[in-house]
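Content type PDB, C-alpha atoms and all ligand atoms, from the file input-v3.pdb:
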ATOM      1  CA  MET A   1      64.613 169.403 -53.253  1.00  0.00           C
ATOM      2  CA  LYS A   2      60.840 169.431 -52.930  1.00  0.00           C
ATOM      3  CA  PRO A   3      59.504 168.318 -49.549  1.00  0.00           C
ATOM      4  CA  GLU A   4      57.574 165.053 -49.649  1.00  0.00           C
ATOM      5  CA  GLN A   5      54.499 166.699 -48.157  1.00  0.00           C
ATOM      6  CA  PRO A   6      54.508 170.488 -48.555  1.00  0.00           C
ATOM      7  CA  TRP A   7      51.530 170.707 -46.199  1.00  0.00           C
ATOM      8  CA  GLN A   8      53.232 168.952 -43.294  1.00  0.00           C
ATOM      9  CA  ASP A   9      53.873 172.211 -41.441  1.00  0.00           C
ATOM     10  CA  THR A  10      50.390 173.574 -42.057  1.00  0.00           C
ATOM     11  CA  PRO A  11      49.224 175.580 -39.026  1.00  0.00           C
ATOM     12  CA  PRO A  12      46.009 174.448 -37.294  1.00  0.00           C
ATOM     13  CA  LEU A  13      42.697 175.301 -38.953  1.00  0.00           C
ATOM     14  CA  SER A  14      41.927 177.916 -36.267  1.00  0.00           C
ATOM     15  CA  ALA A  15      45.210 179.740 -37.021  1.00  0.00           C
ATOM     16  CA  ARG A  16      44.642 179.644 -40.791  1.00  0.00           C
ATOM     17  CA  THR A  17      41.058 180.880 -40.387  1.00  0.00           C
ATOM     18  CA  LEU A  18      42.270 183.784 -38.241  1.00  0.00           C
ATOM     19  CA  SER A  19      44.951 184.544 -40.799  1.00  0.00           C
ATOM     20  CA  ALA A  20      42.307 184.603 -43.558  1.00  0.00           C
ATOM     21  CA  LEU A  21      40.079 186.920 -41.479  1.00  0.00           C
ATOM     22  CA  SER A  22      43.026 189.191 -40.810  1.00  0.00           C
ATOM     23  CA  ARG A  23      43.941 189.360 -44.521  1.00  0.00           C
ATOM     24  CA  ILE A  24      40.343 190.138 -45.467  1.00  0.00           C
ATOM     25  CA  ALA A  25      40.169 192.827 -42.752  1.00  0.00           C
ATOM     26  CA  SER A  26      43.363 194.411 -44.153  1.00  0.00           C
ATOM     27  CA  VAL A  27      41.909 194.528 -47.669  1.00  0.00           C
ATOM     28  CA  LEU A  28      38.678 196.078 -46.369  1.00  0.00           C
ATOM     29  CA  ARG A  29      40.611 198.588 -44.276  1.00  0.00           C
ATOM     30  CA  ALA A  30      42.687 199.600 -47.288  1.00  0.00           C
ATOM     31  CA  GLY A  31      39.488 200.427 -49.203  1.00  0.00           C
ATOM     32  CA  GLU A  32      38.089 202.389 -46.261  1.00  0.00           C
ATOM     33  CA  TRP A  33      41.326 204.291 -45.721  1.00  0.00           C
ATOM     34  CA  GLN A  34      41.334 205.403 -49.352  1.00  0.00           C
ATOM     35  CA  PHE A  35      37.828 206.762 -48.788  1.00  0.00           C
ATOM     36  CA  ALA A  36      38.933 208.354 -45.489  1.00  0.00           C
ATOM     37  CA  SER A  37      41.928 210.119 -47.010  1.00  0.00           C
ATOM     38  CA  ARG A  38      39.789 211.480 -49.861  1.00  0.00           C
ATOM     39  CA  ALA A  39      37.373 212.878 -47.237  1.00  0.00           C
ATOM     40  CA  GLY A  40      40.216 214.288 -45.086  1.00  0.00           C
ATOM     41  CA  LEU A  41      39.583 211.832 -42.238  1.00  0.00           C
ATOM     42  CA  ASN A  42      41.837 209.547 -40.266  1.00  0.00           C
ATOM     43  CA  PRO A  43      40.772 205.895 -39.756  1.00  0.00           C
ATOM     44  CA  THR A  44      39.469 206.515 -36.223  1.00  0.00           C
ATOM     45  CA  GLN A  45      37.312 209.394 -37.433  1.00  0.00           C
ATOM     46  CA  LEU A  46      35.925 207.157 -40.164  1.00  0.00           C
ATOM     47  CA  ASP A  47      35.059 204.539 -37.526  1.00  0.00           C
ATOM     48  CA  ILE A  48      33.286 207.192 -35.437  1.00  0.00           C
ATOM     49  CA  LEU A  49      31.111 208.168 -38.391  1.00  0.00           C
ATOM     50  CA  GLN A  50      30.250 204.518 -38.998  1.00  0.00           C
ATOM     51  CA  LEU A  51      29.456 203.871 -35.343  1.00  0.00           C
ATOM     52  CA  LEU A  52      27.212 206.906 -34.963  1.00  0.00           C
ATOM     53  CA  SER A  53      25.451 206.568 -38.323  1.00  0.00           C
ATOM     54  CA  PRO A  54      22.756 204.124 -37.052  1.00  0.00           C
ATOM     55  CA  ARG A  55      22.428 205.997 -33.713  1.00  0.00           C
ATOM     56  CA  PRO A  56      20.735 209.334 -34.453  1.00  0.00           C
ATOM     57  CA  GLU A  57      20.248 210.012 -30.726  1.00  0.00           C
ATOM     58  CA  GLY A  58      24.040 210.169 -30.274  1.00  0.00           C
ATOM     59  CA  MET A  59      26.350 208.278 -27.917  1.00  0.00           C
ATOM     60  CA  ARG A  60      28.688 209.240 -25.116  1.00  0.00           C
ATOM     61  CA  LEU A  61      32.435 209.538 -25.556  1.00  0.00           C
ATOM     62  CA  ASN A  62      33.213 206.594 -23.240  1.00  0.00           C
ATOM     63  CA  TRP A  63      31.048 204.311 -25.373  1.00  0.00           C
ATOM     64  CA  LEU A  64      32.868 205.468 -28.502  1.00  0.00           C
ATOM     65  CA  ALA A  65      36.260 204.829 -26.873  1.00  0.00           C
ATOM     66  CA  GLU A  66      35.199 201.318 -25.858  1.00  0.00           C
ATOM     67  CA  GLN A  67      33.915 200.490 -29.338  1.00  0.00           C
ATOM     68  CA  LEU A  68      37.081 201.824 -30.960  1.00  0.00           C
ATOM     69  CA  GLY A  69      39.408 200.140 -28.471  1.00  0.00           C
ATOM     70  CA  VAL A  70      41.196 203.432 -27.754  1.00  0.00           C
ATOM     71  CA  THR A  71      41.527 205.679 -24.707  1.00  0.00           C
ATOM     72  CA  ALA A  72      38.873 208.308 -23.948  1.00  0.00           C
ATOM     73  CA  ALA A  73      41.494 211.004 -24.623  1.00  0.00           C
ATOM     74  CA  SER A  74      42.243 209.633 -28.076  1.00  0.00           C
ATOM     75  CA  ALA A  75      38.524 209.298 -28.920  1.00  0.00           C
ATOM     76  CA  SER A  76      38.026 212.861 -27.680  1.00  0.00           C
ATOM     77  CA  ASP A  77      40.746 214.199 -30.033  1.00  0.00           C
ATOM     78  CA  SER A  78      39.203 212.492 -33.047  1.00  0.00           C
ATOM     79  CA  ALA A  79      35.678 213.587 -32.087  1.00  0.00           C
ATOM     80  CA  SER A  80      36.755 217.216 -31.554  1.00  0.00           C
ATOM     81  CA  SER A  81      38.231 217.302 -35.028  1.00  0.00           C
ATOM     82  CA  LEU A  82      34.955 215.979 -36.491  1.00  0.00           C
ATOM     83  CA  VAL A  83      33.036 218.638 -34.534  1.00  0.00           C
ATOM     84  CA  SER A  84      35.290 221.376 -35.927  1.00  0.00           C
ATOM     85  CA  LYS A  85      34.706 220.049 -39.484  1.00  0.00           C
ATOM     86  CA  GLY A  86      30.943 220.192 -38.986  1.00  0.00           C
ATOM     87  CA  TRP A  87      30.313 216.443 -39.160  1.00  0.00           C
ATOM     88  CA  LEU A  88      29.635 215.885 -35.463  1.00  0.00           C
ATOM     89  CA  GLU A  89      27.809 217.902 -32.827  1.00  0.00           C
ATOM     90  CA  LYS A  90      27.377 217.748 -29.070  1.00  0.00           C
ATOM     91  CA  THR A  91      23.976 217.152 -27.573  1.00  0.00           C
ATOM     92  CA  ARG A  92      22.390 216.005 -24.303  1.00  0.00           C
ATOM     93  CA  ALA A  93      22.536 212.257 -23.646  1.00  0.00           C
ATOM     94  CA  VAL A  94      19.038 210.742 -23.834  1.00  0.00           C
ATOM     95  CA  ASP A  95      19.549 208.711 -20.653  1.00  0.00           C
ATOM     96  CA  ASP A  96      20.976 211.599 -18.592  1.00  0.00           C
ATOM     97  CA  GLY A  97      20.239 215.217 -19.444  1.00  0.00           C
ATOM     98  CA  ARG A  98      23.385 216.387 -17.626  1.00  0.00           C
ATOM     99  CA  ALA A  99      25.709 214.201 -19.736  1.00  0.00           C
ATOM    100  CA  ILE A 100      27.013 215.070 -23.204  1.00  0.00           C
ATOM    101  CA  ALA A 101      26.516 212.808 -26.213  1.00  0.00           C
ATOM    102  CA  LEU A 102      27.958 213.104 -29.707  1.00  0.00           C
ATOM    103  CA  ARG A 103      25.805 212.710 -32.788  1.00  0.00           C
ATOM    104  CA  LEU A 104      26.192 213.205 -36.531  1.00  0.00           C
ATOM    105  CA  THR A 105      25.112 216.450 -38.136  1.00  0.00           C
ATOM    106  CA  PRO A 106      23.062 216.130 -41.367  1.00  0.00           C
ATOM    107  CA  ALA A 107      26.331 216.647 -43.325  1.00  0.00           C
ATOM    108  CA  GLY A 108      28.025 213.929 -41.245  1.00  0.00           C
ATOM    109  CA  HIS A 109      25.114 211.623 -41.924  1.00  0.00           C
ATOM    110  CA  ASP A 110      25.418 212.225 -45.666  1.00  0.00           C
ATOM    111  CA  LEU A 111      29.130 211.489 -45.567  1.00  0.00           C
ATOM    112  CA  ALA A 112      28.650 208.320 -43.485  1.00  0.00           C
ATOM    113  CA  GLY A 113      26.099 207.126 -46.049  1.00  0.00           C
ATOM    114  CA  HIS A 114      28.848 206.940 -48.661  1.00  0.00           C
ATOM    115  CA  ILE A 115      31.279 204.845 -46.562  1.00  0.00           C
ATOM    116  CA  PRO A 116      29.813 201.461 -47.644  1.00  0.00           C
ATOM    117  CA  GLU A 117      30.824 202.349 -51.220  1.00  0.00           C
ATOM    118  CA  ALA A 118      34.449 201.754 -50.120  1.00  0.00           C
ATOM    119  CA  SER A 119      33.770 198.050 -49.553  1.00  0.00           C
ATOM    120  CA  GLN A 120      31.333 197.443 -52.396  1.00  0.00           C
ATOM    121  CA  PHE A 121      33.952 195.308 -54.177  1.00  0.00           C
ATOM    122  CA  ALA A 122      33.996 192.904 -51.198  1.00  0.00           C
ATOM    123  CA  GLU A 123      30.216 192.818 -50.915  1.00  0.00           C
ATOM    124  CA  ALA A 124      30.021 191.972 -54.614  1.00  0.00           C
ATOM    125  CA  ALA A 125      32.494 189.110 -54.117  1.00  0.00           C
ATOM    126  CA  LEU A 126      30.512 187.826 -51.146  1.00  0.00           C
ATOM    127  CA  SER A 127      27.227 188.004 -53.018  1.00  0.00           C
ATOM    128  CA  ARG A 128      28.673 185.703 -55.702  1.00  0.00           C
ATOM    129  CA  LEU A 129      28.949 182.864 -53.143  1.00  0.00           C
ATOM    130  CA  PRO A 130      25.984 180.450 -53.062  1.00  0.00           C
ATOM    131  CA  PRO A 131      23.321 181.630 -50.549  1.00  0.00           C
ATOM    132  CA  GLY A 132      23.891 178.580 -48.320  1.00  0.00           C
ATOM    133  CA  GLN A 133      27.603 179.366 -48.094  1.00  0.00           C
ATOM    134  CA  GLN A 134      26.880 183.008 -47.260  1.00  0.00           C
ATOM    135  CA  GLU A 135      24.509 181.944 -44.474  1.00  0.00           C
ATOM    136  CA  ALA A 136      26.972 179.390 -43.071  1.00  0.00           C
ATOM    137  CA  LEU A 137      29.737 182.009 -43.093  1.00  0.00           C
ATOM    138  CA  TYR A 138      27.558 184.578 -41.332  1.00  0.00           C
ATOM    139  CA  ASP A 139      26.478 181.973 -38.789  1.00  0.00           C
ATOM    140  CA  SER A 140      30.095 181.032 -38.055  1.00  0.00           C
ATOM    141  CA  LEU A 141      31.137 184.671 -37.682  1.00  0.00           C
ATOM    142  CA  LEU A 142      28.273 185.301 -35.231  1.00  0.00           C
ATOM    143  CA  ALA A 143      29.331 182.246 -33.229  1.00  0.00           C
ATOM    144  CA  LEU A 144      32.922 183.534 -33.151  1.00  0.00           C
ATOM    145  CA  ILE A 145      31.749 186.985 -32.016  1.00  0.00           C
ATOM    146  CA  ARG A 146      29.705 185.320 -29.259  1.00  0.00           C
ATOM    147  CA  GLN A 147      32.803 183.444 -28.053  1.00  0.00           C
ATOM    148  CA  LEU A 148      34.839 186.648 -28.054  1.00  0.00           C
ATOM    149  CA  GLN A 149      32.086 188.471 -26.149  1.00  0.00           C
ATOM    150  CA  GLN A 150      32.031 185.724 -23.524  1.00  0.00           C
ATOM    151  CA  ALA A 151      35.789 186.216 -23.167  1.00  0.00           C
ATOM    152  CA  GLU A 152      35.144 189.982 -22.870  1.00  0.00           C
ATOM    153  CA  ARG A 153      37.272 190.669 -25.945  1.00  0.00           C
ATOM    154  CA  PHE A 154      34.592 192.152 -28.156  1.00  0.00           C
ATOM    155  CA  PRO A 155      32.730 195.451 -27.639  1.00  0.00           C
ATOM    156  CA  GLU A 156      28.980 195.538 -27.135  1.00  0.00           C
ATOM    157  CA  LEU A 157      26.922 194.896 -30.263  1.00  0.00           C
ATOM    158  CA  ARG A 158      23.183 195.395 -30.724  1.00  0.00           C
ATOM    159  CA  ALA A 159      23.012 191.889 -32.187  1.00  0.00           C
ATOM    160  CA  CYS A 160      20.196 189.333 -31.980  1.00  0.00           C
ATOM    161  CA  ILE A 161      22.521 186.775 -30.411  1.00  0.00           C
ATOM    162  CA  ALA A 162      22.917 188.981 -27.315  1.00  0.00           C
ATOM    163  CA  CYS A 163      19.374 190.420 -27.215  1.00  0.00           C
ATOM    164  CA  ARG A 164      16.890 189.620 -24.438  1.00  0.00           C
ATOM    165  CA  HIS A 165      14.142 189.206 -27.035  1.00  0.00           C
ATOM    166  CA  PHE A 166      16.050 186.534 -28.950  1.00  0.00           C
ATOM    167  CA  GLN A 167      14.945 182.912 -28.556  1.00  0.00           C
ATOM    168  CA  ALA A 168      17.223 180.519 -30.442  1.00  0.00           C
ATOM    169  CA  GLN A 169      15.920 177.406 -32.211  1.00  0.00           C
ATOM    170  CA  ARG A 170      12.300 177.805 -31.040  1.00  0.00           C
ATOM    171  CA  HIS A 171      10.697 176.675 -34.302  1.00  0.00           C
ATOM    172  CA  ALA A 172      10.970 173.529 -36.425  1.00  0.00           C
ATOM    173  CA  ASP A 173      11.184 175.580 -39.645  1.00  0.00           C
ATOM    174  CA  PRO A 174      14.841 175.317 -40.814  1.00  0.00           C
ATOM    175  CA  VAL A 175      14.541 178.670 -42.629  1.00  0.00           C
ATOM    176  CA  ALA A 176      13.189 180.572 -39.606  1.00  0.00           C
ATOM    177  CA  PRO A 177      14.165 178.552 -36.531  1.00  0.00           C
ATOM    178  CA  HIS A 178      14.570 181.519 -34.146  1.00  0.00           C
ATOM    179  CA  HIS A 179      12.037 183.842 -32.521  1.00  0.00           C
ATOM    180  CA  CYS A 180      11.981 187.561 -31.790  1.00  0.00           C
ATOM    181  CA  ALA A 181       9.847 188.012 -28.673  1.00  0.00           C
ATOM    182  CA  LEU A 182       9.658 191.781 -29.203  1.00  0.00           C
ATOM    183  CA  VAL A 183       7.314 191.293 -32.151  1.00  0.00           C
ATOM    184  CA  ASP A 184       6.420 187.694 -31.235  1.00  0.00           C
ATOM    185  CA  ALA A 185       7.377 186.323 -34.658  1.00  0.00           C
ATOM    186  CA  PRO A 186       9.725 183.710 -36.157  1.00  0.00           C
ATOM    187  CA  LEU A 187      13.106 185.140 -37.101  1.00  0.00           C
ATOM    188  CA  PRO A 188      14.806 183.740 -40.247  1.00  0.00           C
ATOM    189  CA  ALA A 189      18.411 182.594 -39.666  1.00  0.00           C
ATOM    190  CA  ALA A 190      19.528 184.599 -42.716  1.00  0.00           C
ATOM    191  CA  LEU A 191      18.087 187.807 -41.212  1.00  0.00           C
ATOM    192  CA  LEU A 192      19.763 187.714 -37.791  1.00  0.00           C
ATOM    193  CA  ARG A 193      20.743 191.309 -37.093  1.00  0.00           C
ATOM    194  CA  LEU A 194      24.164 192.579 -36.150  1.00  0.00           C
ATOM    195  CA  ASP A 195      22.998 196.086 -35.242  1.00  0.00           C
ATOM    196  CA  CYS A 196      19.309 196.321 -34.363  1.00  0.00           C
ATOM    197  CA  PRO A 197      17.890 199.608 -33.016  1.00  0.00           C
ATOM    198  CA  GLU A 198      15.334 197.632 -30.967  1.00  0.00           C
ATOM    199  CA  PHE A 199      18.036 195.589 -29.232  1.00  0.00           C
ATOM    200  CA  GLU A 200      17.856 195.214 -25.457  1.00  0.00           C
ATOM    201  CA  SER A 201      20.674 193.578 -23.570  1.00  0.00           C
ATOM    202  CA  ARG A 202      20.024 190.544 -21.364  1.00  0.00           C
TER     203      ARG A 202
HETATM  204  S1  LIG B 301      14.639 193.037 -31.058  1.00  0.00           S
HETATM  205 FE1  LIG B 301      16.120 193.159 -32.757  1.00  0.00          FE
HETATM  206  S2  LIG B 301      18.031 192.324 -31.861  1.00  0.00           S
HETATM  207 FE2  LIG B 301      16.354 191.706 -30.531  1.00  0.00          FE
HETATM  208  S3  LIG B 301      15.786 189.652 -31.261  1.00  0.00           S
HETATM  209 FE3  LIG B 301      14.397 191.150 -32.238  1.00  0.00          FE
HETATM  210  S4  LIG B 301      15.388 191.604 -34.232  1.00  0.00           S
HETATM  211 FE4  LIG B 301      16.946 190.646 -32.907  1.00  0.00          FE
END
Any chance you could put this one into structure tokens?
Amino acid sequence: MKPEQPWQDTPPLSARTLSALSRIASVLRAGEWQFASRAGLNPTQLDILQLLSPRPEGMRLNWLAEQLGVTAASASDSASSLVSKGWLEKTRAVDDGRAIALRLTPAGHDLAGHIPEASQFAEAALSRLPPGQQEALYDSLLALIRQLQQAERFPELRACIACRHFQAQRHADPVAPHHCALVDAPLPAALLRLDCPEFESR
């Protein structure tokens, strides 16, 4: 017999949204893992390439471990394998000449440049949504990340929302309501950065 209201046991909106995010993340991961296995990488190694790609100066192992949510020993194993394959190299940390940082070699950089191809299908789907919907989605995801950061459950991001130069809602213009004090200019809501090289933490 059909229930009178098949939606009566529907979980709360927050639970369904998380479930949707989790399903989307799984689909994206599947695409990335196919790319990783073709390149002879494991998923953690793929993440290391992605994390270091926009940081040509290199980063320390502890930072990598924190971003990956794994132990320093596990990050070290994955990094050593990338070094032996010629995709990663050790260098001096820019903030402390006695410390070691890891950075991509030119070959590693080339390889990392192809990783976004693995999720092109998802980017194409996203780009078919109306621009307003894309902006609202991005805005909501940034707000969720902010909440998770406040609860100390999200690794550091070089994002506008956590940058000392960011001034929210400073202008009346609905298209560019924010302000970047670094360049002293209005910042369009649709261009809020998730990983800005000029980021400075508060
Ligand atoms: S410096 Fe970069 S991260 Fe900071 S507010 Fe400006 S654009 Fe955003």
Counting all atoms listed in the file, which residues of chain A fall within 6 Å of ligand LIG 301 (chain B), and what is the closest atom pair for each with its distance in Å at one decimal, ordered by chain and rising number, as CSV?
residue,atom,partner,partner_atom,distance
A:Ala159,CA,B:LIG301,S2,5.0
A:Cys160,CA,B:LIG301,FE4,3.6
A:Cys163,CA,B:LIG301,FE2,4.7
A:His165,CA,B:LIG301,S3,4.6
A:Phe166,CA,B:LIG301,S3,3.9
A:Cys180,CA,B:LIG301,FE3,4.3
A:Leu182,CA,B:LIG301,S1,5.5
A:Arg193,CA,B:LIG301,FE4,5.7
A:Cys196,CA,B:LIG301,FE1,4.8
A:Glu198,CA,B:LIG301,S1,4.6
A:Phe199,CA,B:LIG301,S2,4.2
Note to self: Going by the chain IDs and residue numbers used in this file, which residues fall under the PyMOL selection byres (((chain A and resi 7-24) around 12) and not hetatm)? Write them as a list in words.
What the structure shows: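 Checked against the file, the PyMOL selection byres (((chain A and resi 7-24) around 12) and not hetatm) matches Lys2, Pro3, Glu4, Gln5, Pro6, Ala25, Ser26, Val27, Leu28, Arg29, Ala30, Gly31, Ser119, Phe121, Ala122, Glu123, Ala125, Leu126, Leu137, Ser140, Leu141 and Leu144 of chain A.
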Next item on the list: For the structure shown, which residues end up in the PyMOL selection byres (((chain A and resi 75-88) around 6) and not hetatm)? Put them as a list in words, please?
Entry: Gln45, Ala65, Ala72, Ala73, Ser74, Glu89, Arg103, Leu104, Thr105, Ala107 and Gly108 of chain A
Checklist line | Which residue of A:Pro186, A:Gly132, A:Pro54, A:Pro174 approaches Arg158 in chain A most closely, using all atoms listed in the file | finding: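 For Arg158 in chain A, the nearest of the candidates is A:Pro54.
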Check: In Å to one decimal, how far is CA of Ala112 in chain A from CA of Gln50 in chain A?
Finding: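 Calculated distance between CA of Gln50 in chain A and CA of Ala112 in chain A is 6.1 Å.
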Note to self: Restricting the calculation to only C-alpha atoms: of A:Asp195, A:Trp63, A:Ala124, A:Leu129, which residue gets closest to Leu157 in chain A?
What the structure shows: A:Asp195
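The coordinates place CA of Arg60 in chain A at 28.8 Å from CA of Val183 in chain A.
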Checklist line | CA of Ile145 in chain A to CA of Ala162 in chain A, distance in Å rounded to a single decimal | finding: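 Computed distance, CA of Ile145 in chain A to CA of Ala162 in chain A, equals 10.2 Å.
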Taking every listed atom of range 103-113 of chain A and adding 8 Å to each side, what centre and edge lengths in Å (one decimal) does the axis-aligned box have, as JSON?
{"center_x": 26.1, "center_y": 211.9, "center_z": -39.4, "size_x": 22.1, "size_y": 25.5, "size_z": 29.3}
Next item on the list: Find, counting all atoms listed in the file, the residue in A:Leu51, A:Ile100, A:Gly69, A:Pro188 that gets nearest to Asp139 in chain A.
Entry: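 Between A:Leu51, A:Ile100, A:Gly69, A:Pro188, the residue approaching Asp139 in chain A most closely is A:Pro188.
Nearest to Leu194 in chain A of all the residues A:Ala143, A:Ala39, A:Ala181, A:Leu111 is A:Ala143, based on only C-alpha atoms.
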Check: Using all atoms listed in the file, which residues sit within 6 Å of Leu102 in chain A once same-chain residues fewer than 6 positions away are excluded, as a ChimeraX atom specification?
Finding: /A:58-59,89-90
Check: For Glu117 in chain A, which of A:Ala185, A:Leu142, A:Ala36, A:Leu192 is the closest residue, counting all atoms listed in the file?
Finding: A:Ala36
Repair of range 174-189 of chain A at the level of N, CA and C atoms, as a PDB file, in the frame of the given file:
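Contents of result-v1.pdb, as written:
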ATOM      1  N   PRO A 174      13.386 175.107 -40.692  1.00  0.00           N
ATOM      2  CA  PRO A 174      14.841 175.317 -40.814  1.00  0.00           C
ATOM      3  C   PRO A 174      15.201 176.702 -41.364  1.00  0.00           C
ATOM      4  N   VAL A 175      14.262 177.333 -42.081  1.00  0.00           N
ATOM      5  CA  VAL A 175      14.541 178.670 -42.629  1.00  0.00           C
ATOM      6  C   VAL A 175      14.407 179.745 -41.538  1.00  0.00           C
ATOM      7  N   ALA A 176      13.407 179.579 -40.670  1.00  0.00           N
ATOM      8  CA  ALA A 176      13.189 180.572 -39.606  1.00  0.00           C
ATOM      9  C   ALA A 176      13.100 179.858 -38.256  1.00  0.00           C
ATOM     10  N   PRO A 177      14.225 179.348 -37.771  1.00  0.00           N
ATOM     11  CA  PRO A 177      14.165 178.552 -36.531  1.00  0.00           C
ATOM     12  C   PRO A 177      14.113 179.407 -35.254  1.00  0.00           C
ATOM     13  N   HIS A 178      14.485 180.682 -35.352  1.00  0.00           N
ATOM     14  CA  HIS A 178      14.570 181.519 -34.146  1.00  0.00           C
ATOM     15  C   HIS A 178      13.298 182.334 -33.948  1.00  0.00           C
ATOM     16  N   HIS A 179      13.249 183.074 -32.846  1.00  0.00           N
ATOM     17  CA  HIS A 179      12.037 183.842 -32.521  1.00  0.00           C
ATOM     18  C   HIS A 179      12.452 185.188 -31.937  1.00  0.00           C
ATOM     19  N   CYS A 180      11.780 186.243 -32.387  1.00  0.00           N
ATOM     20  CA  CYS A 180      11.981 187.561 -31.790  1.00  0.00           C
ATOM     21  C   CYS A 180      10.761 187.844 -30.920  1.00  0.00           C
ATOM     22  N   ALA A 181      10.977 187.840 -29.595  1.00  0.00           N
ATOM     23  CA  ALA A 181       9.847 188.012 -28.673  1.00  0.00           C
ATOM     24  C   ALA A 181       9.326 189.443 -28.687  1.00  0.00           C
ATOM     25  N   LEU A 182      10.125 190.385 -29.171  1.00  0.00           N
ATOM     26  CA  LEU A 182       9.658 191.781 -29.203  1.00  0.00           C
ATOM     27  C   LEU A 182       8.420 191.898 -30.080  1.00  0.00           C
ATOM     28  N   VAL A 183       8.457 191.231 -31.232  1.00  0.00           N
ATOM     29  CA  VAL A 183       7.314 191.293 -32.151  1.00  0.00           C
ATOM     30  C   VAL A 183       6.574 189.952 -32.191  1.00  0.00           C
ATOM     31  N   ASP A 184       7.029 189.015 -31.344  1.00  0.00           N
ATOM     32  CA  ASP A 184       6.420 187.694 -31.235  1.00  0.00           C
ATOM     33  C   ASP A 184       6.271 187.030 -32.608  1.00  0.00           C
ATOM     34  N   ALA A 185       7.412 186.904 -33.304  1.00  0.00           N
ATOM     35  CA  ALA A 185       7.377 186.323 -34.658  1.00  0.00           C
ATOM     36  C   ALA A 185       8.638 185.509 -34.910  1.00  0.00           C
ATOM     37  N   PRO A 186       8.529 184.485 -35.794  1.00  0.00           N
ATOM     38  CA  PRO A 186       9.725 183.710 -36.157  1.00  0.00           C
ATOM     39  C   PRO A 186      10.753 184.614 -36.836  1.00  0.00           C
ATOM     40  N   LEU A 187      12.008 184.309 -36.580  1.00  0.00           N
ATOM     41  CA  LEU A 187      13.106 185.140 -37.101  1.00  0.00           C
ATOM     42  C   LEU A 187      13.972 184.276 -38.025  1.00  0.00           C
ATOM     43  N   PRO A 188      13.993 184.558 -39.328  1.00  0.00           N
ATOM     44  CA  PRO A 188      14.806 183.740 -40.247  1.00  0.00           C
ATOM     45  C   PRO A 188      16.295 183.800 -39.884  1.00  0.00           C
ATOM     46  N   ALA A 189      16.974 182.652 -39.995  1.00  0.00           N
ATOM     47  CA  ALA A 189      18.411 182.594 -39.666  1.00  0.00           C
ATOM     48  C   ALA A 189      19.202 183.572 -40.524  1.00  0.00           C
TER      49      ALA A 189
END
